[in-house]
file my_file_28.cif (mmCIF, N, CA and C atoms)
data_protein
loop_
_atom_site.group_PDB
_atom_site.id
_atom_site.type_symbol
_atom_site.label_atom_id
_atom_site.label_comp_id
_atom_site.auth_asym_id
_atom_site.auth_seq_id
_atom_site.Cartn_x
_atom_site.Cartn_y
_atom_site.Cartn_z
ATOM 1 N N MET A 1 -4.090 2.444 17.642
ATOM 2 C CA MET A 1 -2.775 2.132 17.112
ATOM 3 C C MET A 1 -1.713 2.362 18.188
ATOM 4 N N PRO A 2 -0.792 1.445 18.336
ATOM 5 C CA PRO A 2 0.285 1.645 19.293
ATOM 6 C C PRO A 2 1.235 2.732 18.820
ATOM 7 N N SER A 3 1.872 3.367 19.753
ATOM 8 C CA SER A 3 2.816 4.429 19.414
ATOM 9 C C SER A 3 4.202 4.022 19.891
ATOM 10 N N CYS A 4 5.192 4.302 19.069
ATOM 11 C CA CYS A 4 6.557 3.988 19.482
ATOM 12 C C CYS A 4 7.241 5.229 20.038
ATOM 13 N N GLY A 5 6.532 6.357 20.080
ATOM 14 C CA GLY A 5 7.073 7.563 20.672
ATOM 15 C C GLY A 5 8.053 8.314 19.797
ATOM 16 N N ILE A 6 8.156 7.946 18.541
ATOM 17 C CA ILE A 6 9.086 8.613 17.642
ATOM 18 C C ILE A 6 8.345 9.733 16.921
ATOM 19 N N GLY A 7 8.854 10.936 17.006
ATOM 20 C CA GLY A 7 8.240 12.056 16.309
ATOM 21 C C GLY A 7 8.501 11.980 14.825
ATOM 22 N N HIS A 8 7.702 12.687 14.054
ATOM 23 C CA HIS A 8 7.870 12.701 12.608
ATOM 24 C C HIS A 8 7.954 14.147 12.159
ATOM 25 N N PRO A 9 8.930 14.485 11.325
ATOM 26 C CA PRO A 9 9.025 15.869 10.856
ATOM 27 C C PRO A 9 7.792 16.240 10.045
ATOM 28 N N SER A 10 7.513 17.509 9.977
ATOM 29 C CA SER A 10 6.381 17.977 9.185
ATOM 30 C C SER A 10 6.567 17.571 7.735
ATOM 31 N N LEU A 11 5.495 17.100 7.149
ATOM 32 C CA LEU A 11 5.528 16.698 5.752
ATOM 33 C C LEU A 11 4.852 17.770 4.916
ATOM 34 N N PRO A 12 5.251 17.891 3.659
ATOM 35 C CA PRO A 12 4.623 18.893 2.800
ATOM 36 C C PRO A 12 3.163 18.543 2.535
ATOM 37 N N PRO A 13 2.361 19.548 2.149
ATOM 38 C CA PRO A 13 0.966 19.265 1.827
ATOM 39 C C PRO A 13 0.869 18.255 0.689
ATOM 40 N N ASP A 14 -0.257 17.579 0.606
ATOM 41 C CA ASP A 14 -0.493 16.565 -0.422
ATOM 42 C C ASP A 14 0.509 15.421 -0.337
ATOM 43 N N THR A 15 0.800 15.010 0.871
ATOM 44 C CA THR A 15 1.725 13.900 1.074
ATOM 45 C C THR A 15 0.993 12.590 0.840
ATOM 46 N N LEU A 16 1.611 11.742 0.047
ATOM 47 C CA LEU A 16 1.004 10.507 -0.413
ATOM 48 C C LEU A 16 1.680 9.315 0.261
ATOM 49 N N ALA A 17 0.904 8.420 0.848
ATOM 50 C CA ALA A 17 1.433 7.153 1.353
ATOM 51 C C ALA A 17 1.254 6.127 0.241
ATOM 52 N N VAL A 18 2.347 5.522 -0.203
ATOM 53 C CA VAL A 18 2.279 4.514 -1.253
ATOM 54 C C VAL A 18 2.603 3.158 -0.627
ATOM 55 N N ILE A 19 1.659 2.235 -0.743
ATOM 56 C CA ILE A 19 1.817 0.897 -0.195
ATOM 57 C C ILE A 19 1.979 -0.077 -1.351
ATOM 58 N N PRO A 20 3.175 -0.643 -1.529
ATOM 59 C CA PRO A 20 3.372 -1.630 -2.591
ATOM 60 C C PRO A 20 2.785 -2.975 -2.160
ATOM 61 N N ALA A 21 2.028 -3.610 -3.037
ATOM 62 C CA ALA A 21 1.381 -4.880 -2.677
ATOM 63 C C ALA A 21 1.264 -5.781 -3.899
ATOM 64 N N ARG A 22 2.325 -6.513 -4.179
ATOM 65 C CA ARG A 22 2.290 -7.450 -5.300
ATOM 66 C C ARG A 22 1.359 -8.607 -4.990
ATOM 67 N N GLY A 23 0.785 -9.168 -6.028
ATOM 68 C CA GLY A 23 -0.060 -10.340 -5.859
ATOM 69 C C GLY A 23 0.747 -11.620 -5.830
ATOM 70 N N GLY A 24 1.919 -11.617 -6.433
ATOM 71 C CA GLY A 24 2.686 -12.847 -6.595
ATOM 72 C C GLY A 24 3.765 -13.048 -5.562
ATOM 73 N N SER A 25 3.390 -13.472 -4.381
ATOM 74 C CA SER A 25 4.379 -13.790 -3.362
ATOM 75 C C SER A 25 4.789 -15.247 -3.497
ATOM 76 N N LYS A 26 6.071 -15.502 -3.439
ATOM 77 C CA LYS A 26 6.543 -16.887 -3.543
ATOM 78 C C LYS A 26 6.462 -17.604 -2.199
ATOM 79 N N GLY A 27 6.702 -16.882 -1.112
ATOM 80 C CA GLY A 27 6.712 -17.504 0.208
ATOM 81 C C GLY A 27 5.323 -17.830 0.728
ATOM 82 N N ILE A 28 4.430 -16.850 0.694
ATOM 83 C CA ILE A 28 3.060 -17.023 1.169
ATOM 84 C C ILE A 28 2.140 -16.507 0.058
ATOM 85 N N PRO A 29 1.564 -17.405 -0.719
ATOM 86 C CA PRO A 29 0.691 -16.975 -1.817
ATOM 87 C C PRO A 29 -0.443 -16.078 -1.323
ATOM 88 N N LYS A 30 -0.670 -14.992 -2.050
ATOM 89 C CA LYS A 30 -1.743 -14.025 -1.734
ATOM 90 C C LYS A 30 -1.616 -13.464 -0.320
ATOM 91 N N LYS A 31 -0.378 -13.290 0.150
ATOM 92 C CA LYS A 31 -0.174 -12.867 1.535
ATOM 93 C C LYS A 31 -0.831 -11.526 1.863
ATOM 94 N N ASN A 32 -0.896 -10.622 0.911
ATOM 95 C CA ASN A 32 -1.465 -9.306 1.205
ATOM 96 C C ASN A 32 -2.949 -9.344 1.526
ATOM 97 N N ILE A 33 -3.635 -10.392 1.077
ATOM 98 C CA ILE A 33 -5.057 -10.502 1.398
ATOM 99 C C ILE A 33 -5.328 -11.662 2.353
ATOM 100 N N ALA A 34 -4.268 -12.310 2.823
ATOM 101 C CA ALA A 34 -4.426 -13.388 3.797
ATOM 102 C C ALA A 34 -4.919 -12.801 5.118
ATOM 103 N N PRO A 35 -5.801 -13.525 5.824
ATOM 104 C CA PRO A 35 -6.327 -12.996 7.080
ATOM 105 C C PRO A 35 -5.286 -12.979 8.195
ATOM 106 N N LEU A 36 -5.312 -11.908 8.964
ATOM 107 C CA LEU A 36 -4.477 -11.764 10.145
ATOM 108 C C LEU A 36 -5.335 -11.119 11.220
ATOM 109 N N CYS A 37 -5.650 -11.849 12.248
ATOM 110 C CA CYS A 37 -6.492 -11.342 13.344
ATOM 111 C C CYS A 37 -7.816 -10.787 12.825
ATOM 112 N N GLY A 38 -8.400 -11.469 11.857
ATOM 113 C CA GLY A 38 -9.731 -11.110 11.385
ATOM 114 C C GLY A 38 -9.801 -10.140 10.220
ATOM 115 N N ASN A 39 -8.672 -9.617 9.781
ATOM 116 C CA ASN A 39 -8.645 -8.688 8.643
ATOM 117 C C ASN A 39 -7.537 -9.092 7.680
ATOM 118 N N PRO A 40 -7.697 -8.739 6.398
ATOM 119 C CA PRO A 40 -6.605 -9.007 5.457
ATOM 120 C C PRO A 40 -5.338 -8.251 5.889
ATOM 121 N N LEU A 41 -4.193 -8.846 5.666
ATOM 122 C CA LEU A 41 -2.923 -8.239 6.059
ATOM 123 C C LEU A 41 -2.808 -6.793 5.580
ATOM 124 N N ILE A 42 -3.161 -6.544 4.333
ATOM 125 C CA ILE A 42 -3.009 -5.189 3.794
ATOM 126 C C ILE A 42 -3.925 -4.182 4.485
ATOM 127 N N ALA A 43 -5.037 -4.643 5.050
ATOM 128 C CA ALA A 43 -5.950 -3.739 5.752
ATOM 129 C C ALA A 43 -5.257 -3.074 6.939
ATOM 130 N N TRP A 44 -4.400 -3.814 7.617
ATOM 131 C CA TRP A 44 -3.676 -3.254 8.760
ATOM 132 C C TRP A 44 -2.743 -2.127 8.315
ATOM 133 N N THR A 45 -2.085 -2.313 7.191
ATOM 134 C CA THR A 45 -1.170 -1.292 6.680
ATOM 135 C C THR A 45 -1.933 -0.059 6.225
ATOM 136 N N ILE A 46 -3.039 -0.284 5.524
ATOM 137 C CA ILE A 46 -3.867 0.837 5.068
ATOM 138 C C ILE A 46 -4.379 1.630 6.262
ATOM 139 N N GLU A 47 -4.891 0.933 7.263
ATOM 140 C CA GLU A 47 -5.420 1.615 8.443
ATOM 141 C C GLU A 47 -4.334 2.402 9.167
ATOM 142 N N ALA A 48 -3.156 1.828 9.288
ATOM 143 C CA ALA A 48 -2.055 2.534 9.946
ATOM 144 C C ALA A 48 -1.721 3.825 9.209
ATOM 145 N N ALA A 49 -1.699 3.781 7.889
ATOM 146 C CA ALA A 49 -1.417 4.990 7.102
ATOM 147 C C ALA A 49 -2.539 6.014 7.246
ATOM 148 N N GLN A 50 -3.787 5.543 7.299
ATOM 149 C CA GLN A 50 -4.933 6.448 7.414
ATOM 150 C C GLN A 50 -4.953 7.190 8.754
ATOM 151 N N VAL A 51 -4.581 6.510 9.826
ATOM 152 C CA VAL A 51 -4.628 7.144 11.141
ATOM 153 C C VAL A 51 -3.335 7.860 11.513
ATOM 154 N N ALA A 52 -2.326 7.745 10.686
ATOM 155 C CA ALA A 52 -1.025 8.345 10.989
ATOM 156 C C ALA A 52 -1.054 9.866 11.026
ATOM 157 N N GLU A 53 -2.024 10.478 10.394
ATOM 158 C CA GLU A 53 -2.166 11.936 10.329
ATOM 159 C C GLU A 53 -0.995 12.622 9.624
ATOM 160 N N HIS A 54 -0.194 11.869 8.928
ATOM 161 C CA HIS A 54 0.914 12.446 8.168
ATOM 162 C C HIS A 54 0.626 12.437 6.677
ATOM 163 N N PHE A 55 -0.414 11.735 6.281
ATOM 164 C CA PHE A 55 -0.680 11.549 4.863
ATOM 165 C C PHE A 55 -2.046 12.101 4.487
ATOM 166 N N ASP A 56 -2.080 12.753 3.337
ATOM 167 C CA ASP A 56 -3.350 13.251 2.808
ATOM 168 C C ASP A 56 -4.095 12.158 2.057
ATOM 169 N N ARG A 57 -3.338 11.242 1.462
ATOM 170 C CA ARG A 57 -3.939 10.169 0.661
ATOM 171 C C ARG A 57 -3.158 8.879 0.869
ATOM 172 N N VAL A 58 -3.882 7.768 0.778
ATOM 173 C CA VAL A 58 -3.269 6.446 0.902
ATOM 174 C C VAL A 58 -3.532 5.712 -0.405
ATOM 175 N N VAL A 59 -2.448 5.283 -1.060
ATOM 176 C CA VAL A 59 -2.540 4.628 -2.356
ATOM 177 C C VAL A 59 -1.853 3.267 -2.291
ATOM 178 N N VAL A 60 -2.520 2.251 -2.804
ATOM 179 C CA VAL A 60 -1.925 0.923 -2.920
ATOM 180 C C VAL A 60 -1.543 0.710 -4.378
ATOM 181 N N SER A 61 -0.299 0.333 -4.603
ATOM 182 C CA SER A 61 0.196 0.019 -5.938
ATOM 183 C C SER A 61 0.243 -1.496 -6.055
ATOM 184 N N THR A 62 -0.558 -2.056 -6.987
ATOM 185 C CA THR A 62 -0.644 -3.504 -7.091
ATOM 186 C C THR A 62 -0.840 -3.977 -8.520
ATOM 187 N N ASP A 63 -0.500 -5.232 -8.738
ATOM 188 C CA ASP A 63 -0.700 -5.880 -10.030
ATOM 189 C C ASP A 63 -1.833 -6.901 -9.948
ATOM 190 N N ASP A 64 -2.519 -6.947 -8.819
ATOM 191 C CA ASP A 64 -3.481 -8.009 -8.547
ATOM 192 C C ASP A 64 -4.875 -7.441 -8.295
ATOM 193 N N GLY A 65 -5.860 -7.940 -9.037
ATOM 194 C CA GLY A 65 -7.228 -7.459 -8.906
ATOM 195 C C GLY A 65 -7.840 -7.702 -7.542
ATOM 196 N N GLU A 66 -7.520 -8.837 -6.915
ATOM 197 C CA GLU A 66 -8.061 -9.122 -5.585
ATOM 198 C C GLU A 66 -7.480 -8.171 -4.540
ATOM 199 N N VAL A 67 -6.198 -7.909 -4.630
ATOM 200 C CA VAL A 67 -5.560 -6.961 -3.714
ATOM 201 C C VAL A 67 -6.177 -5.576 -3.920
ATOM 202 N N ALA A 68 -6.381 -5.190 -5.173
ATOM 203 C CA ALA A 68 -6.986 -3.888 -5.479
ATOM 204 C C ALA A 68 -8.377 -3.775 -4.859
ATOM 205 N N ALA A 69 -9.180 -4.826 -4.981
ATOM 206 C CA ALA A 69 -10.540 -4.804 -4.430
ATOM 207 C C ALA A 69 -10.517 -4.656 -2.913
ATOM 208 N N VAL A 70 -9.641 -5.390 -2.256
ATOM 209 C CA VAL A 70 -9.538 -5.299 -0.797
ATOM 210 C C VAL A 70 -9.049 -3.907 -0.390
ATOM 211 N N ALA A 71 -8.069 -3.387 -1.101
ATOM 212 C CA ALA A 71 -7.547 -2.052 -0.793
ATOM 213 C C ALA A 71 -8.652 -0.999 -0.897
ATOM 214 N N ARG A 72 -9.447 -1.075 -1.942
ATOM 215 C CA ARG A 72 -10.561 -0.126 -2.098
ATOM 216 C C ARG A 72 -11.585 -0.300 -0.980
ATOM 217 N N GLN A 73 -11.850 -1.548 -0.621
ATOM 218 C CA GLN A 73 -12.810 -1.840 0.448
ATOM 219 C C GLN A 73 -12.392 -1.166 1.762
ATOM 220 N N TYR A 74 -11.097 -1.055 1.982
ATOM 221 C CA TYR A 74 -10.587 -0.455 3.208
ATOM 222 C C TYR A 74 -10.227 1.024 3.041
ATOM 223 N N GLY A 75 -10.644 1.612 1.937
ATOM 224 C CA GLY A 75 -10.544 3.058 1.780
ATOM 225 C C GLY A 75 -9.313 3.595 1.093
ATOM 226 N N ALA A 76 -8.492 2.740 0.514
ATOM 227 C CA ALA A 76 -7.303 3.213 -0.196
ATOM 228 C C ALA A 76 -7.629 3.450 -1.669
ATOM 229 N N GLU A 77 -6.905 4.356 -2.272
ATOM 230 C CA GLU A 77 -6.939 4.507 -3.720
ATOM 231 C C GLU A 77 -6.028 3.412 -4.286
ATOM 232 N N VAL A 78 -6.235 3.054 -5.537
ATOM 233 C CA VAL A 78 -5.436 1.984 -6.135
ATOM 234 C C VAL A 78 -4.824 2.442 -7.448
ATOM 235 N N ILE A 79 -3.554 2.120 -7.613
ATOM 236 C CA ILE A 79 -2.878 2.275 -8.897
ATOM 237 C C ILE A 79 -2.570 0.861 -9.361
ATOM 238 N N GLU A 80 -3.126 0.498 -10.493
ATOM 239 C CA GLU A 80 -2.868 -0.839 -11.023
ATOM 240 C C GLU A 80 -1.539 -0.826 -11.751
ATOM 241 N N ARG A 81 -0.640 -1.674 -11.278
ATOM 242 C CA ARG A 81 0.729 -1.730 -11.758
ATOM 243 C C ARG A 81 0.854 -2.734 -12.892
ATOM 244 N N PRO A 82 1.525 -2.367 -13.988
ATOM 245 C CA PRO A 82 1.712 -3.321 -15.094
ATOM 246 C C PRO A 82 2.682 -4.440 -14.708
ATOM 247 N N ALA A 83 2.575 -5.546 -15.413
ATOM 248 C CA ALA A 83 3.390 -6.728 -15.125
ATOM 249 C C ALA A 83 4.887 -6.431 -15.126
ATOM 250 N N GLU A 84 5.339 -5.563 -16.016
ATOM 251 C CA GLU A 84 6.779 -5.289 -16.099
ATOM 252 C C GLU A 84 7.314 -4.559 -14.859
ATOM 253 N N LEU A 85 6.423 -4.019 -14.039
ATOM 254 C CA LEU A 85 6.841 -3.355 -12.801
ATOM 255 C C LEU A 85 6.413 -4.154 -11.569
ATOM 256 N N SER A 86 6.130 -5.440 -11.775
ATOM 257 C CA SER A 86 5.583 -6.239 -10.674
ATOM 258 C C SER A 86 6.393 -7.477 -10.325
ATOM 259 N N GLY A 87 7.479 -7.703 -10.999
ATOM 260 C CA GLY A 87 8.260 -8.909 -10.741
ATOM 261 C C GLY A 87 9.133 -8.789 -9.507
ATOM 262 N N ASP A 88 9.847 -9.869 -9.216
ATOM 263 C CA ASP A 88 10.743 -9.915 -8.060
ATOM 264 C C ASP A 88 11.834 -8.851 -8.107
ATOM 265 N N THR A 89 12.205 -8.442 -9.299
ATOM 266 C CA THR A 89 13.317 -7.496 -9.438
ATOM 267 C C THR A 89 12.854 -6.060 -9.715
ATOM 268 N N ALA A 90 11.555 -5.812 -9.659
ATOM 269 C CA ALA A 90 11.043 -4.458 -9.900
ATOM 270 C C ALA A 90 11.548 -3.511 -8.820
ATOM 271 N N LEU A 91 12.001 -2.359 -9.241
ATOM 272 C CA LEU A 91 12.493 -1.360 -8.300
ATOM 273 C C LEU A 91 11.346 -0.511 -7.770
ATOM 274 N N TYR A 92 11.401 -0.212 -6.496
ATOM 275 C CA TYR A 92 10.387 0.612 -5.843
ATOM 276 C C TYR A 92 10.187 1.930 -6.589
ATOM 277 N N VAL A 93 11.276 2.556 -6.992
ATOM 278 C CA VAL A 93 11.194 3.850 -7.667
ATOM 279 C C VAL A 93 10.421 3.741 -8.977
ATOM 280 N N SER A 94 10.447 2.591 -9.626
ATOM 281 C CA SER A 94 9.760 2.413 -10.904
ATOM 282 C C SER A 94 8.249 2.552 -10.767
ATOM 283 N N TYR A 95 7.669 1.917 -9.760
ATOM 284 C CA TYR A 95 6.218 2.003 -9.642
ATOM 285 C C TYR A 95 5.775 3.200 -8.818
ATOM 286 N N VAL A 96 6.621 3.716 -7.938
ATOM 287 C CA VAL A 96 6.254 4.920 -7.203
ATOM 288 C C VAL A 96 6.208 6.111 -8.153
ATOM 289 N N SER A 97 7.089 6.137 -9.153
ATOM 290 C CA SER A 97 7.094 7.257 -10.106
ATOM 291 C C SER A 97 5.809 7.329 -10.890
ATOM 292 N N ARG A 98 5.072 6.198 -10.998
ATOM 293 C CA ARG A 98 3.782 6.193 -11.697
ATOM 294 C C ARG A 98 2.715 6.976 -10.930
ATOM 295 N N THR A 99 2.950 7.251 -9.648
ATOM 296 C CA THR A 99 1.965 7.980 -8.854
ATOM 297 C C THR A 99 2.011 9.479 -9.133
ATOM 298 N N ASN A 100 3.013 9.939 -9.843
ATOM 299 C CA ASN A 100 3.122 11.374 -10.129
ATOM 300 C C ASN A 100 1.904 11.910 -10.872
ATOM 301 N N SER A 101 1.196 11.061 -11.583
ATOM 302 C CA SER A 101 0.038 11.522 -12.337
ATOM 303 C C SER A 101 -1.192 11.684 -11.450
ATOM 304 N N LEU A 102 -1.104 11.265 -10.201
ATOM 305 C CA LEU A 102 -2.246 11.400 -9.289
ATOM 306 C C LEU A 102 -2.337 12.800 -8.862
#

call {"tool": "encode", "arguments": {"input": "my_file_28.cif", "output": "C-alpha cells"}}
result
Amino acid sequence: MPSCGIGHPSLPPDTLAVIPARGGSKGIPKKNIAPLCGNPLIAWTIEAAQVAEHFDRVVVSTDDGEVAAVARQYGAEVIERPAELSGDTALYVSYVSRTNSL
C-alpha cells in the first residue's frame, strides 16, 4: 500500500472501519463490485482498511447481496442495510449507528 506520510492519532481499542457500499449506483451500476485492476472495487477499500493497522474490524454496510458476498470473500464483516437506509438521501449516521450492536 502506498503511504502519503500522514500520521494518524491513536485510536481507541475496538476501532471499527465502516465501509458504506450501496448496490444502487446511478452513475456506474454495481460499481462496488465492478473490476478494477483485476479485483472488485470494494476489495481495494477492504484491503486498505485491513492493512491500515488502525482498525480492529472492517465492516461493510450494504443493501446488496452481491456486494455482501464479495465483501465477505475479501474478509470483511457485513451489516445488511434495510432499504429505508439505502437510498440516495440516506444519511451516513443512520446506517453507521446500526453498527453499535456489533

call {"tool": "residues_around", "arguments": {"input": "my_file_28.cif", "residues": "stretch 22-37 of chain A", "least_positions_apart": "2", "cutoff": "6.5 Å", "atoms": "all atoms listed in the file", "output": "list in words"}}
result
Pro20, Asn39, Pro40, Leu41, Ile42, Ala43, Ser61, Thr62, Asp63, Asp64, Val67 and Ser86 of chain A

call {"tool": "closest_residue", "arguments": {"input": "my_file_28.cif", "among": "A:Ala69, A:Ala21, A:Val78, A:Leu16", "to": "A:Arg57", "atoms": "all atoms listed in the file"}}
result
A:Leu16

call {"tool": "residues_around", "arguments": {"input": "my_file_28.cif", "residues": "A:Ala17", "least_positions_apart": "6", "cutoff": "7 Å", "atoms": "only C-alpha atoms", "output": "MDAnalysis selection string"}}
result
chainID A and resid 49 55 57:59

call {"tool": "resolve_selection", "arguments": {"input": "my_file_28.cif", "expression": "the PyMOL selection byres (((chain A and resi 74 and name CA) around 8) and name CA)", "output": "number ranges by chain"}}
result
A: 43, 46-47, 70-73, 75-76

call {"tool": "atom_distance", "arguments": {"input": "my_file_28.cif", "atom1": "atom C of A:Val60", "atom2": "atom C of A:Val18"}}
result
6.1 Å

call {"tool": "atom_distance", "arguments": {"input": "my_file_28.cif", "atom1": "atom N of A:Gly65", "atom2": "atom C of A:Glu77"}}
result
12.3 Å
